[in-house]
Structure formats: structure tokens, C-alpha cells
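Reviewing the structure listed below.
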Amino acid sequence: MFWNSLILALNAIRRNLLRSFLTVLGIIIGVAAVITMVTIGRGATQSVSDQISAMGTNQLIIRPGQRRGSGSNTPKFRQKDVDLIQNQVSGIAGVAPYSTITANVIAQAKNYTTLITGTTNDFFTVGNWELQSGRKFQQAELKSGKASCILGTTVKNNLFGNENPEGRRVRIKQFTCEVIGVLKSKGQSTWGTDQDDTVVMPLKTVHRRLLGSLDIARIAVKVEDTNKITGAQREITELLRDSRRLPDNMENDFRVLDMRQIIKTLTGTTKVLTMLLGAVAAVSLLVGGIGIMNIMLVSVTERTKEIGIRLAIGALEKHVLMQFLIEAVVLSSIGGVLGLILATGLSVFGANLMGVPFLFDLRINILAFLFAASIGILFGFVPARRAARLNPIDALRHE
């Protein structure tokens with residue numbers, strides 16, 4: 001009986017191919033939208049997690065002020081704070097101070113505005129930076145504040161193109177700087193900034209020649225073992241409170257940020273947005289279901305005489321109910337399959353366009369298809385019941 005009903009349903013769909021396609025279009029769009037939104041959202045979440053993990057999940061970032069964008073009155077850090085952390089906090093793999101300023105860099109009649117980063121060799125350890133070519137700073141260069149610099153790939157490409165810049169000199173404000181190396185490219189950060197758009201110099205050089213002060217904007221700390229991050233965070237907080245002479249009743253005027261917490265916060269945000277977008281896209285599935293109900297009601301009206309003949313020659317109500325219910329489910333299932341195919345193409349295209357990984361999720365694909373099929377049952381039941389309850393004599397008289 002089931003197979004006979006399925007054949008009848010397929011024949012009815014085939015008789016009105018264009019109408020059937022327009023009917024399932026809502027299901028196709030709904031399934032494709034849900035899967036595409038969720039897939040790209042998962043890729044974005046993974047991309048955020050990977051980019052932050054590339055900087056090191058066992059990293060602590062210390063910034064002045066309690067909030068992002070705190071006022072200039074908040075005291076910055078000094079070298080003694082860096083030394084305290086390096087010498088007194090256990091389980092530390094590296095401590096990198098950062099002082100930054102935006103400046104114009106000139107070379108070969110070309111100029112380029114970029115971020116100048118003053119730091120130490122711990123910059124490479126803490127930030128997981130590698131050199132594409134050249135060398136790191138020598139201790140004598142760090143202590144004397146020699147004008148040596150290492151270029152990010154963006155700066156190198158803009159000033160020197162494909163040429164090797166090692167041993168060349170670039171001009172920054174009123175002094176020239178010898179290029180001793182080039183950083184390996186890292187690309188965009190999670191916050192959309194170009195990590196390769198920088199020139200790295202010894203901290204003392206930036207302090208003396210560019211900033212005119214000994215202020216340190218932030219300190220990055222790499223902990224040897226991720227299990228010791230909480231302990232290191234506590235020790236650093238206590239040391240800096242003592243160093244900055246904060247009373248017990250006064251809150252910290254600095255923040256010690258755990259990269260793991262940042263990952264959790266950012267990925268949590270992208271997951272919520274993904275769920276929201278998926279829920280919005282799922283509304284179109286309901287719209288598609290209403291379209292199926294509408295066209296099935298029309299089909300019942302058109303085939304009233306056919307239904308009357310079947311009932312008159314002995315077909316039971318349940319047989320007619322099954323025929324029209326199967327027809328609705330077949331329509332929605334066809335829409336589901338076509339939606340899956342469309343979603344795969346859109347997800348691959350969208351992931352490449354946004355620069356995020358394409359992560360195929362079998363579970364969401366199966367759930368979307370099953371939801372589409374259930375839409376057929378839900379919205380096809382009313383028309384099917386209406387067809388099954390037709391009076392055979394009235395149906396035969398219908399013109």
C-alpha cells in the first residue's frame with residue numbers, strides 16, 4: 001500500500017513539475033539558509049579560536065586601567081614592573097614589554113605609515129613569532145638602544161617589494177634604522193588588524209628616539225604550563241599591586257587578561273550569533289511549509305472527483321490520507337535534498353569569501369533534512385485529512 005501511494009504521489013508531482021518546484025522552493029531556501037549560516041558560523045568560531053591560539057593559550061596580557069580605552073591618567077608600566085614579573089613569578093617562559101607608536105617609515109623614496117613596536121627578544125617567544133630571514137636583536141643592541149629593526153612582511157613588501165631588505169637602512173622620523181631581519185607572516189588578527197603591519201625595534205630605542213618617555217603600554221607573559229596560569233595570574237596581580245602601592249580597599253588599576261578567557265568569550269559570542277542566524281533562517285522553512293499546505297489544498301480541490309472515485313470503489317479513508325500525506329512529505333524531502341546540495345555550494349563559497357575554514361557538520365545536515373521532512377508531515381496533514389473525509393457522492397458530483 002505504501003509503495004502504491006508513493007507512486008501515485010510521484011505521478012501527481014510529475015504532472016505539475018513547475019508548480020511542484022515553486023512549492024518546494026521555500027523548503028530549499030530554508031534548508032540551505034540554515035545549514036549555510038551554521039556552517040559558516042562554526043568556521044568563524046574555529047577561525048577565532050585558531051588565531052588566538054596561535055598567539056599562545058598559555059599567555060597573559062597585562063594592560064593598565066580596568067577597562068578598554070581607560071583614560072590617559074592611568075599610570076603605565078615601567079621596566080621595574082617587567083623585572084619584578086620576570087624575577088619573582090614562577091613558571092614563566094618569557095616576559096615581553098610593549099611600547100608602540102605609529103610613525104612614517106621611508107626607504108628608497110617610498111614611505112609607509114605603520115606601527116613601531118618597541119620590545120625585547122622575549123617578543124618572539126611570547127608571541128610565537130618566527131623570522132623569515134635575518135636575526136634577532138643582540139644583547140648589546142638591546143642595552144644600548146641601537147637603531148636596529150625587524151620588518152613585518154607588509155612593511156617589507158610596501159617598501160622593498162621582492163628585494164631583500166637586510167643590511168639596508170630605513171628612515172623613521174629623524175633617525176635611520178638598520179634592517180636586521182624580516183618576520184614570518186601571520187596575517188590578520190582576530191580583531192581584523194594586520195599583524196604583519198609593524199616594525200619591531202629595541203625597547204630603549206623606541207623610548208629614547210620616538211616616545212621620549214619610559215612608559216610601557218602593556219606586558220605579555222608566557223607561562224610554561226597552562227595548569228600554572230591561574231597561579232601566575234594571582235602572583236602577577238599581587239606583585240603589581242605592591243609595585244603600584246595600591247591600598248587594600250582600592251581596586252586594581254590594571255588588568256591581567258587570560259587568553260583562554262578571551263577565547264571562551266569570543267567563541268561564545270560567535271556561537272550565539274550563529275544560533276541566532278540559524279533560528280532566523282529556520283523561519284523560511286515554516287514559510288515553505290505554509291506553501292506546501294497551500295498547494296496541497298489546491299491539489300485536493302482539483303482532484304476531488306478522483307478522490308471520490310477511489311472512495312467509491314472501496315478505498316478507505318486511511319488510504320487517501322496516506323496518499324496525500326506521502327505526497328506532502330515527498331515534496332518537502334525533495335526540497336530538503338536540493339537544499340542540502342545548495343547549502344554545500346554556498347557554504348564552501350562563503351567560507352572562502354570570508355577566509356574561514358569550511359567545517360562540514362553531518363549532524364546539522366541530517367537535522368535540517370529531518371526538519372524539512374517533518375514540515376511536510378505537519379503542514380500536509382490538514383489537506384490530507386480534508387481529502388480523506390470527502391463524501392464519495394459529493395466528490396463524484398464535483399465539476
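Ordering of the C-alpha cells sets the chain letters (A, B, ...); residue numbers start at 1 within each chain; ligands are numbered from 1 in the order shown.
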
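Every residue of region 84-158 of chain A found in alpha helix (DSSP H) when DSSP is run on the backbone appears here: A:Leu84, A:Ile85, A:Gln86, A:Asn87, A:Gln88, A:Asp122, A:Phe123, A:Phe124, A:Thr125, A:Val126, A:Gln139, A:Ala140, A:Glu141, A:Leu142, A:Lys143, A:Ser144, A:Thr153, A:Thr154, A:Val155, A:Lys156, A:Asn157, A:Asn158.
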
Please produce a file of those selected residues containing C-alpha atoms, as a CSV table (one decimal), in the first residue's frame.
```csv
chain,number,residue,atom,x,y,z
A,84,LEU,CA,59.6,42.0,39.0
A,85,ILE,CA,57.5,39.6,37.0
A,86,GLN,CA,60.5,38.1,35.3
A,87,ASN,CA,62.4,37.5,38.5
A,88,GLN,CA,59.7,36.7,41.1
A,122,ASP,CA,61.0,37.7,24.5
A,123,PHE,CA,58.6,39.2,22.0
A,124,PHE,CA,59.4,36.3,19.7
A,125,THR,CA,58.9,33.7,22.4
A,126,VAL,CA,55.7,35.1,23.9
A,139,GLN,CA,72.1,42.0,23.8
A,140,ALA,CA,74.4,44.9,23.1
A,141,GLU,CA,71.7,46.4,20.8
A,142,LEU,CA,69.0,46.0,23.4
A,143,LYS,CA,71.1,47.5,26.2
A,144,SER,CA,72.4,50.5,24.2
A,153,THR,CA,56.1,41.3,5.8
A,154,THR,CA,53.5,44.0,5.0
A,155,VAL,CA,56.0,46.8,5.6
A,156,LYS,CA,58.8,44.9,3.8
A,157,ASN,CA,56.5,44.4,0.7
A,158,ASN,CA,55.5,48.0,0.6
```

Where in region 124-221 of chain A does DSSP assign strand (DSSP E), given as an MDAnalysis selection string?
-> chainID A and resid 131:134 148:151 169:172 175:183 198:202 218:221

Deliver the residues from the most recent selection as a file, using C-alpha atoms, as a PDB file, in the first residue's frame.
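Result file part.pdb:
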```pdb
ATOM      1  CA  LEU A 131      61.869  35.073  11.484  1.00  0.00           C
ATOM      2  CA  GLN A 132      61.519  34.646   7.758  1.00  0.00           C
ATOM      3  CA  SER A 133      65.108  35.834   7.386  1.00  0.00           C
ATOM      4  CA  GLY A 134      67.785  37.658   9.350  1.00  0.00           C
ATOM      5  CA  SER A 148      68.140  48.229  14.581  1.00  0.00           C
ATOM      6  CA  CYS A 149      64.809  46.999  13.304  1.00  0.00           C
ATOM      7  CA  ILE A 150      62.964  43.911  12.078  1.00  0.00           C
ATOM      8  CA  LEU A 151      60.242  44.431   9.472  1.00  0.00           C
ATOM      9  CA  ARG A 169      68.521  51.382   6.185  1.00  0.00           C
ATOM     10  CA  VAL A 170      65.085  52.915   6.647  1.00  0.00           C
ATOM     11  CA  ARG A 171      64.290  56.363   7.986  1.00  0.00           C
ATOM     12  CA  ILE A 172      61.912  56.800  10.912  1.00  0.00           C
ATOM     13  CA  PHE A 175      66.930  58.900  12.503  1.00  0.00           C
ATOM     14  CA  THR A 176      67.819  55.934  10.305  1.00  0.00           C
ATOM     15  CA  CYS A 177      67.499  52.319  11.329  1.00  0.00           C
ATOM     16  CA  GLU A 178      69.357  49.230  10.053  1.00  0.00           C
ATOM     17  CA  VAL A 179      67.139  46.360   8.942  1.00  0.00           C
ATOM     18  CA  ILE A 180      68.413  43.118  10.512  1.00  0.00           C
ATOM     19  CA  GLY A 181      65.543  40.752   9.678  1.00  0.00           C
ATOM     20  CA  VAL A 182      62.017  40.097   8.424  1.00  0.00           C
ATOM     21  CA  LEU A 183      59.207  38.456  10.417  1.00  0.00           C
ATOM     22  CA  THR A 198      54.700  46.536  12.108  1.00  0.00           C
ATOM     23  CA  VAL A 199      58.356  47.387  12.612  1.00  0.00           C
ATOM     24  CA  VAL A 200      59.963  45.828  15.693  1.00  0.00           C
ATOM     25  CA  MET A 201      62.763  47.725  17.449  1.00  0.00           C
ATOM     26  CA  PRO A 202      64.634  47.511  20.783  1.00  0.00           C
ATOM     27  CA  ARG A 218      51.420  46.567  28.001  1.00  0.00           C
ATOM     28  CA  ILE A 219      53.238  43.442  29.117  1.00  0.00           C
ATOM     29  CA  ALA A 220      52.755  39.970  27.641  1.00  0.00           C
ATOM     30  CA  VAL A 221      53.714  36.948  29.757  1.00  0.00           C
TER      31      VAL A 221
END
```

For Ile364 (chain A): contacts at 12 Å, only C-alpha atoms, fewer than 2 positions along chain excluded, given as a ChimeraX atom specification:
/A:31-39,42,275,278,340,343-344,359-362,366-371

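Note that CA of Val356 (chain A) and CA of Gly43 (chain A) are 5.4 Å apart.
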
Which region 63-169 of chain A residues have any atom within 12 Å of an atom of region 225-241 of chain A, and for each, what is the nearest pair of atoms with distance in Å to one decimal, counting only C-alpha atoms, rows sorted by chain and number, as JSON lines?
```
{"residue": "A:Arg63", "atom": "CA", "partner": "A:Leu240", "partner_atom": "CA", "distance": 11.2}
{"residue": "A:Pro64", "atom": "CA", "partner": "A:Leu240", "partner_atom": "CA", "distance": 10.6}
{"residue": "A:Pro75", "atom": "CA", "partner": "A:Leu240", "partner_atom": "CA", "distance": 11.8}
{"residue": "A:Lys76", "atom": "CA", "partner": "A:Leu240", "partner_atom": "CA", "distance": 11.4}
{"residue": "A:Phe77", "atom": "CA", "partner": "A:Leu240", "partner_atom": "CA", "distance": 9.3}
{"residue": "A:Arg78", "atom": "CA", "partner": "A:Leu240", "partner_atom": "CA", "distance": 10.8}
{"residue": "A:Lys80", "atom": "CA", "partner": "A:Leu240", "partner_atom": "CA", "distance": 10.1}
{"residue": "A:Asp81", "atom": "CA", "partner": "A:Leu240", "partner_atom": "CA", "distance": 6.9}
{"residue": "A:Val82", "atom": "CA", "partner": "A:Leu240", "partner_atom": "CA", "distance": 9.7}
{"residue": "A:Asp83", "atom": "CA", "partner": "A:Leu239", "partner_atom": "CA", "distance": 10.9}
{"residue": "A:Leu84", "atom": "CA", "partner": "A:Leu239", "partner_atom": "CA", "distance": 7.3}
{"residue": "A:Ile85", "atom": "CA", "partner": "A:Ile236", "partner_atom": "CA", "distance": 6.4}
{"residue": "A:Gln86", "atom": "CA", "partner": "A:Ile236", "partner_atom": "CA", "distance": 9.8}
{"residue": "A:Asn87", "atom": "CA", "partner": "A:Leu239", "partner_atom": "CA", "distance": 11.0}
{"residue": "A:Gln88", "atom": "CA", "partner": "A:Leu239", "partner_atom": "CA", "distance": 8.4}
{"residue": "A:Val89", "atom": "CA", "partner": "A:Glu235", "partner_atom": "CA", "distance": 6.3}
{"residue": "A:Ser90", "atom": "CA", "partner": "A:Ala232", "partner_atom": "CA", "distance": 7.0}
{"residue": "A:Gly91", "atom": "CA", "partner": "A:Asp225", "partner_atom": "CA", "distance": 7.2}
{"residue": "A:Ile92", "atom": "CA", "partner": "A:Ala232", "partner_atom": "CA", "distance": 8.0}
{"residue": "A:Ala93", "atom": "CA", "partner": "A:Asp225", "partner_atom": "CA", "distance": 8.9}
{"residue": "A:Val95", "atom": "CA", "partner": "A:Ile236", "partner_atom": "CA", "distance": 11.5}
```

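With only C-alpha atoms as the atoms that count, the minimum distance from Thr113 (chain A) to the choices A:Ile101, A:Leu273, A:Phe137, A:Gly212 is reached by A:Ile101.
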
Task: For Thr119 (chain A): contacts at 7 Å, only C-alpha atoms, fewer than 5 positions along chain excluded, given as a list in words - done: Ala96, Pro97, Tyr98, Ser99, Met201, Pro202 and Leu203 of chain A

Same residues, C-alpha atoms, saved as a compact mmCIF listing (two decimals), in the first residue's frame:
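The resulting file, out-v3.txt, is shown below:
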```
# COMPACT_ATOMS: atom_id res chain seq x y z
CA ALA A 96 57.71 40.87 26.70
CA PRO A 97 57.13 44.60 27.30
CA TYR A 98 55.46 46.58 24.51
CA SER A 99 55.70 50.29 23.74
CA MET A 201 62.76 47.73 17.45
CA PRO A 202 64.63 47.51 20.78
CA LEU A 203 62.55 48.94 23.62
```

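Nearest-residue note for Thr100 (chain A): choosing from A:Asn365, A:Asn164, A:Asn16, A:Thr205, the minimum distance belongs to A:Thr205, counting only C-alpha atoms.
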
Might you pull out every residue within 7 Å of Leu60 (chain A), with only C-alpha atoms counted and same-chain residues fewer than 4 positions away left off, and present them as an mmCIF file with N, CA and C atoms, in the first residue's frame?
```
data_model
loop_
_atom_site.group_PDB
_atom_site.id
_atom_site.type_symbol
_atom_site.label_atom_id
_atom_site.label_comp_id
_atom_site.auth_asym_id
_atom_site.auth_seq_id
_atom_site.Cartn_x
_atom_site.Cartn_y
_atom_site.Cartn_z
ATOM 1 N N ALA A 220 53.255 41.305 27.979
ATOM 2 C CA ALA A 220 52.755 39.970 27.641
ATOM 3 C C ALA A 220 53.628 38.940 28.345
ATOM 4 N N VAL A 221 52.996 37.969 28.988
ATOM 5 C CA VAL A 221 53.714 36.948 29.757
ATOM 6 C C VAL A 221 53.336 35.571 29.231
ATOM 7 N N LYS A 222 54.338 34.760 28.954
ATOM 8 C CA LYS A 222 54.085 33.379 28.534
ATOM 9 C C LYS A 222 54.399 32.446 29.691
ATOM 10 N N VAL A 256 44.913 41.824 34.236
ATOM 11 C CA VAL A 256 45.717 40.670 33.829
ATOM 12 C C VAL A 256 44.771 39.727 33.094
ATOM 13 N N LEU A 257 44.846 39.747 31.768
ATOM 14 C CA LEU A 257 43.890 39.010 30.934
ATOM 15 C C LEU A 257 44.432 37.635 30.566
ATOM 16 N N ASP A 258 43.627 36.627 30.768
ATOM 17 C CA ASP A 258 43.967 35.250 30.417
ATOM 18 C C ASP A 258 43.481 34.988 28.995
ATOM 19 N N MET A 259 44.367 34.572 28.104
ATOM 20 C CA MET A 259 43.994 34.332 26.707
ATOM 21 C C MET A 259 42.922 33.255 26.582
#
```
